[in-house]
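Peer 1: Input structure: coords.cif, which contains mmCIF, C-alpha atoms and all ligand atoms.
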data_structure
#
loop_
_atom_site.label_atom_id
_atom_site.label_comp_id
_atom_site.auth_asym_id
_atom_site.auth_seq_id
_atom_site.Cartn_x
_atom_site.Cartn_y
_atom_site.Cartn_z
CA MET A 1 4.72 -25.26 -6.98
CA PHE A 2 7.46 -23.44 -5.05
CA TYR A 3 10.13 -24.66 -7.45
CA ILE A 4 8.11 -23.70 -10.51
CA LEU A 5 7.69 -20.17 -9.12
CA MET A 6 11.40 -19.97 -8.23
CA ILE A 7 12.36 -20.97 -11.78
CA ALA A 8 9.88 -18.43 -13.16
CA ILE A 9 11.44 -15.70 -11.01
CA PHE A 10 14.90 -16.75 -12.17
CA VAL A 11 13.88 -16.60 -15.84
CA VAL A 12 12.21 -13.20 -15.38
CA SER A 13 15.34 -11.90 -13.64
CA LEU A 14 17.49 -12.96 -16.63
CA VAL A 15 15.08 -11.19 -18.98
CA ILE A 16 15.16 -8.03 -16.84
CA GLN A 17 18.97 -8.00 -16.65
CA GLY A 18 19.25 -8.53 -20.40
CA ARG A 19 16.78 -5.74 -21.06
CA LEU A 20 18.62 -3.36 -18.74
CA LYS A 21 21.96 -4.09 -20.40
CA SER A 22 20.54 -3.51 -23.87
CA LEU A 23 18.84 -0.26 -22.81
CA VAL A 24 22.06 1.00 -21.24
CA SER A 25 24.13 0.20 -24.33
CA LYS A 26 21.48 1.74 -26.60
CA TYR A 27 21.17 4.98 -24.63
CA SER A 28 24.91 5.24 -23.96
CA ASP A 29 25.30 6.02 -27.65
CA ILE A 30 22.80 8.89 -27.70
CA THR A 31 23.98 12.30 -26.51
CA CYS A 32 21.39 14.14 -24.43
CA ALA A 33 19.88 17.19 -26.12
CA SER A 34 21.46 19.80 -23.85
CA GLY A 35 24.90 18.17 -23.97
CA ILE A 36 25.20 18.33 -20.17
CA THR A 37 27.58 15.79 -18.63
CA SER A 38 26.70 13.38 -15.84
CA ASN A 39 29.01 15.22 -13.43
CA GLU A 40 27.44 18.60 -14.18
CA ALA A 41 23.96 17.10 -13.77
CA VAL A 42 24.87 15.74 -10.32
CA MET A 43 26.33 19.08 -9.17
CA ARG A 44 23.26 20.94 -10.41
CA MET A 45 20.88 18.64 -8.54
CA LEU A 46 22.91 18.92 -5.34
CA ASN A 47 23.23 22.70 -5.59
CA GLU A 48 19.54 23.22 -6.34
CA ASN A 49 18.73 21.26 -3.18
CA GLU A 50 21.40 23.01 -1.14
CA VAL A 51 23.31 19.81 -0.48
CA SER A 52 27.04 20.38 -0.16
CA GLY A 53 30.17 18.42 0.69
CA ILE A 54 29.64 15.57 -1.75
CA VAL A 55 32.49 14.54 -4.02
CA ILE A 56 32.06 12.86 -7.41
CA LYS A 57 34.56 10.09 -8.06
CA HIS A 58 35.33 7.72 -10.90
CA THR A 59 34.93 4.05 -10.11
CA ASP A 60 36.00 1.11 -12.29
CA GLY A 61 33.60 -1.19 -14.09
CA ASP A 62 30.26 -0.70 -15.81
CA LEU A 63 27.00 -0.11 -13.96
CA THR A 64 28.92 -0.04 -10.69
CA ASP A 65 27.60 3.47 -9.97
CA ASN A 66 26.69 4.12 -6.37
CA TYR A 67 26.29 6.71 -3.66
CA ASN A 68 28.42 6.18 -0.56
CA SER A 69 26.82 7.82 2.46
CA ARG A 70 29.74 7.19 4.82
CA GLU A 71 32.36 8.72 2.53
CA GLY A 72 30.05 11.34 1.05
CA THR A 73 30.90 10.32 -2.51
CA ILE A 74 28.95 9.68 -5.67
CA ASN A 75 30.92 7.06 -7.56
CA LEU A 76 30.32 6.99 -11.29
CA SER A 77 31.41 4.08 -13.48
CA ASN A 78 33.11 3.94 -16.89
CA THR A 79 29.74 4.22 -18.68
CA THR A 80 28.76 7.25 -16.65
CA TYR A 81 31.63 9.40 -15.38
CA GLY A 82 31.97 12.64 -17.35
CA LYS A 83 29.77 11.31 -20.16
CA ASN A 84 26.90 13.19 -21.78
CA SER A 85 24.74 10.31 -23.02
CA ILE A 86 21.12 9.85 -21.90
CA ALA A 87 22.14 6.72 -19.97
CA ALA A 88 25.01 8.48 -18.19
CA VAL A 89 22.92 11.49 -17.14
CA ALA A 90 19.97 9.32 -16.05
CA ILE A 91 22.14 7.00 -13.95
CA ALA A 92 24.11 9.89 -12.41
CA ALA A 93 20.87 11.74 -11.60
CA HIS A 94 19.59 8.58 -9.92
CA GLU A 95 22.70 8.43 -7.72
CA ALA A 96 22.29 12.12 -6.90
CA GLY A 97 18.73 11.15 -5.91
CA HIS A 98 20.21 8.85 -3.24
CA ALA A 99 22.39 11.70 -1.95
CA LEU A 100 19.25 13.84 -1.63
CA GLN A 101 17.40 11.06 0.23
CA ASP A 102 20.29 10.91 2.66
CA ALA A 103 20.57 14.70 3.06
CA LYS A 104 16.81 15.10 3.52
CA GLU A 105 16.83 12.26 6.08
CA MET A 106 14.19 10.25 4.27
CA ALA A 107 12.79 7.74 6.77
CA ALA A 108 12.98 4.72 4.47
CA TYR A 109 16.60 5.53 3.66
CA LYS A 110 17.48 5.63 7.36
CA VAL A 111 15.71 2.32 7.98
CA ARG A 112 17.62 0.73 5.13
CA GLN A 113 20.95 1.94 6.50
CA LEU A 114 20.03 0.62 9.92
CA ILE A 115 19.22 -2.94 8.83
CA ALA A 116 21.68 -3.25 5.92
CA PRO A 117 24.59 -4.66 7.99
CA ALA A 118 22.39 -7.47 9.38
CA VAL A 119 20.72 -8.54 6.15
CA ASN A 120 23.13 -11.22 4.91
CA LEU A 121 23.35 -12.84 8.31
CA CYS A 122 19.57 -12.70 8.83
CA SER A 123 18.71 -14.22 5.46
CA THR A 124 21.23 -17.08 5.73
CA LEU A 125 20.78 -17.84 9.40
CA GLY A 126 17.00 -17.37 9.17
CA ILE A 127 16.72 -20.29 6.75
CA TYR A 128 18.97 -22.61 8.81
CA VAL A 129 17.28 -21.78 12.10
CA THR A 130 13.84 -22.42 10.58
CA ILE A 131 14.93 -25.78 9.18
CA ALA A 132 16.59 -26.74 12.48
CA GLY A 133 13.38 -25.87 14.34
CA VAL A 134 11.27 -27.97 11.97
CA GLY A 135 13.75 -30.84 12.35
CA ILE A 136 13.57 -30.69 16.16
CA SER A 137 9.79 -30.56 16.01
CA TYR A 138 9.55 -33.73 13.89
CA ALA A 139 12.33 -35.64 15.58
CA VAL A 140 11.82 -35.22 19.28
CA GLU A 141 8.61 -33.38 20.11
CA LYS A 142 5.08 -34.61 20.63
CA ASN A 143 3.76 -31.06 21.01
CA VAL A 144 3.31 -29.33 17.62
CA TYR A 145 3.83 -25.94 19.28
CA GLY A 146 6.88 -26.96 21.29
CA TRP A 147 10.44 -25.70 21.12
CA GLY A 148 10.90 -26.74 17.52
CA TYR A 149 7.99 -24.54 16.50
CA ARG A 150 9.32 -21.63 18.53
CA ILE A 151 12.81 -21.99 17.09
CA SER A 152 11.50 -22.05 13.53
CA THR A 153 9.43 -18.95 14.31
CA ILE A 154 12.63 -17.17 15.38
CA GLY A 155 14.19 -18.20 12.05
CA ILE A 156 11.18 -16.84 10.18
CA VAL A 157 11.34 -13.52 12.03
CA MET A 158 15.05 -13.28 11.15
CA TYR A 159 14.36 -13.98 7.51
CA SER A 160 11.55 -11.40 7.53
CA ILE A 161 14.15 -8.71 8.23
CA ALA A 162 15.73 -9.54 4.87
CA VAL A 163 12.34 -9.32 3.14
CA ILE A 164 11.67 -5.93 4.75
CA PHE A 165 15.11 -4.81 3.59
CA TYR A 166 14.34 -5.74 -0.03
CA ALA A 167 10.95 -3.99 0.15
CA VAL A 168 12.47 -0.81 1.55
CA THR A 169 15.28 -1.00 -1.02
CA LEU A 170 12.78 -1.19 -3.87
CA TRP A 171 10.95 1.82 -2.46
CA ILE A 172 14.18 3.80 -2.19
CA GLU A 173 15.37 2.86 -5.68
CA ARG A 174 12.08 3.93 -7.26
CA ASP A 175 12.21 7.18 -5.31
CA ALA A 176 15.81 7.93 -6.38
CA SER A 177 14.84 7.28 -10.00
CA LYS A 178 11.84 9.59 -9.63
CA ARG A 179 14.06 12.34 -8.22
CA GLY A 180 16.62 11.89 -11.00
CA TRP A 181 14.00 11.77 -13.73
CA GLN A 182 12.20 14.84 -12.39
CA ALA A 183 15.48 16.77 -12.44
CA MET A 184 16.04 15.76 -16.07
CA GLN A 185 12.57 17.06 -16.88
CA GLN A 186 12.73 20.21 -14.74
CA PHE A 187 16.13 21.40 -15.95
CA GLY A 188 15.45 20.51 -19.58
CA TRP A 189 18.58 18.39 -19.99
CA VAL A 190 16.93 16.13 -22.55
CA SER A 191 14.26 16.27 -25.27
CA GLU A 192 10.74 14.82 -24.85
CA ASP A 193 11.71 11.56 -26.57
CA GLN A 194 14.86 11.28 -24.50
CA LEU A 195 12.87 11.84 -21.34
CA ALA A 196 10.77 8.78 -22.17
CA ALA A 197 13.95 6.82 -22.88
CA ALA A 198 15.46 7.85 -19.54
CA LYS A 199 12.30 6.74 -17.74
CA LYS A 200 12.39 3.35 -19.44
CA LEU A 201 16.02 2.85 -18.43
CA LEU A 202 15.60 3.97 -14.81
CA TRP A 203 12.53 1.80 -14.31
CA ALA A 204 14.24 -1.23 -15.86
CA ALA A 205 17.08 -0.75 -13.36
CA GLY A 206 14.54 -0.67 -10.51
CA ASP A 207 12.92 -3.90 -11.72
CA THR A 208 16.02 -5.83 -10.64
CA TYR A 209 15.17 -4.89 -7.05
CA ALA A 210 11.55 -5.93 -7.55
CA ILE A 211 12.78 -9.40 -8.52
CA ALA A 212 14.96 -9.63 -5.40
CA LEU A 213 11.90 -8.77 -3.32
CA ALA A 214 9.68 -11.32 -5.10
CA SER A 215 12.26 -14.06 -4.61
CA SER A 216 12.74 -13.33 -0.91
CA ALA A 217 8.98 -13.09 -0.31
CA LEU A 218 8.52 -16.48 -1.96
CA THR A 219 11.23 -17.99 0.26
CA LEU A 220 9.48 -16.54 3.32
CA ILE A 221 6.19 -18.17 2.30
CA ARG A 222 8.06 -21.44 1.83
CA LEU A 223 9.56 -21.22 5.34
CA LEU A 224 6.13 -20.51 6.83
CA ALA A 225 4.69 -23.54 5.00
CA MET A 226 7.53 -25.74 6.30
CA ARG A 227 6.90 -24.65 9.87
CA ASP A 228 3.14 -25.14 9.67
CA ARG A 229 3.08 -28.42 7.76
CA ARG A 230 2.98 -30.45 10.96
CA ARG A 231 -0.16 -28.82 12.30
ZN ZN B 1 20.04 3.27 -6.64
#
Take the structure I supplied and represent it as structure tokens, if you would.
Ligand SMILES: [Zn+2]
Peer 2:
Amino acid sequence: MFYILMIAIFVVSLVIQGRLKSLVSKYSDITCASGITSNEAVMRMLNENEVSGIVIKHTDGDLTDNYNSREGTINLSNTTYGKNSIAAVAIAAHEAGHALQDAKEMAAYKVRQLIAPAVNLCSTLGIYVTIAGVGISYAVEKNVYGWGYRISTIGIVMYSIAVIFYAVTLWIERDASKRGWQAMQQFGWVSEDQLAAAKKLLWAAGDTYAIALASSALTLIRLLAMRDRRR
């Protein structure tokens, strides 16, 4: 059952990535109605919200756009930097949305920053510690709730941090898209049709984070089942 679900998640993630790529390439060819560029859109959003001190930079690659809180930069990729397509403006507005989250000290954003450095370690180690605990429980312990059980519980708690991270990330990504999309609507950068297109693209991008969450939640359930099988 677990493996069937994992394969299903994998297939859905391929579909989502393919859909995102095709939406980006489609909407990269359509100039937004107002002709505003991605860089201008970002500056407008920041100025309207009285956020200053952020620099827009060009970064290599496609869809490598990001906001860097430490350096105070919005890095726009080849598809986005200085471009006036619907895709470019939507993606840039999304990144500006992250800068606003940071500037407005959004709680979820702060939580994400706090746990981000520990996530890789927690998700990898969490699985190994859980398995080690289960192994100890089977191999050497008569008591079901002995040390093996406790160790695997520690592993599960560690892994849960990764799941929380993915949940908070999804929340933040949806919020940044909402902020970006609302700016596109409010400032009249695009036509009605283009607004719908921008929404489709931004939500498709967010779906990739939903898949990461689903996959980690499923792994967590699997770890819990492993720990409790002996009961
Ligand atoms: Zn984002």
Peer 1: Name the closest residue to Met184 in chain A among the candidates A:Val51, A:Ala139, A:Val89, A:Val24; distances are taken between atoms, counting all atoms listed in the file.
Peer 2: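 Checking each of A:Val51, A:Ala139, A:Val89, A:Val24 against Met184 in chain A, counting all atoms listed in the file, the winner is A:Val89.
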Peer 1: Might you pull out every residue within 10 Å of range 125-134 of chain A, with only C-alpha atoms counted and same-chain residues fewer than 4 positions away left off, and present them as a PyMOL selection string?
Peer 2: chain A and resi 119-121+138-139+144+146-162+219-220+223-224+226-230
Peer 1: Kindly compute an axis-aligned box around the listed atoms of range 180-194 of chain A, allowing 3 Å on each side, and express its centre and edge lengths in Å to one decimal as AutoDock Vina command-line options.
Peer 2:
--center_x 14.7 --center_y 16.3 --center_z -18.8 --size_x 13.8 --size_y 16.1 --size_z 21.6
Peer 1: As an NGL selection string, please: the residues near Gln17 in chain A (cut-off 9 Å, only C-alpha atoms, same-chain neighbours under 2 positions excluded).
Peer 2: :A and (12-15 or 19-22 or 204-205 or 207-208)
Peer 1: Quick one: residues within 8 Å of range 166-175 of chain A, all atoms listed in the file, excluding same-chain residues fewer than 6 positions away - as a PyMOL selection string?
Peer 2: chain A and resi 97-98+108-109+111-112+203+206+209-210+212-213+216
Peer 1: Can you measure CA of Gly82 in chain A to CA of Val42 in chain A for me? One decimal in Å is fine.
Peer 2: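 Distance reported for this atom pair: 10.5 Å.
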Peer 1: So the first atom is CA of Ala107 in chain A and the second is CA of Ser177 in chain A; what is the distance between them in Å, to one decimal place?
Peer 2: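 Straight-line distance from CA of Ala107 in chain A to CA of Ser177 in chain A works out to 16.9 Å.
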Peer 1: Between A:Gln182, A:Thr124, A:Thr73, A:Ser215, which has the minimum distance to Ala93 in chain A (counting all atoms listed in the file)?
Peer 2: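 The closest residue to Ala93 in chain A is A:Gln182.
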Peer 1: For a quick check of understanding, using all atoms listed in the file, which of A:Gly180, A:Gly61, A:Gly135, A:Pro117 has the smallest distance to Ala87 in chain A?
Peer 2: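 Closest to Ala87 in chain A, using all atoms listed in the file: A:Gly180.
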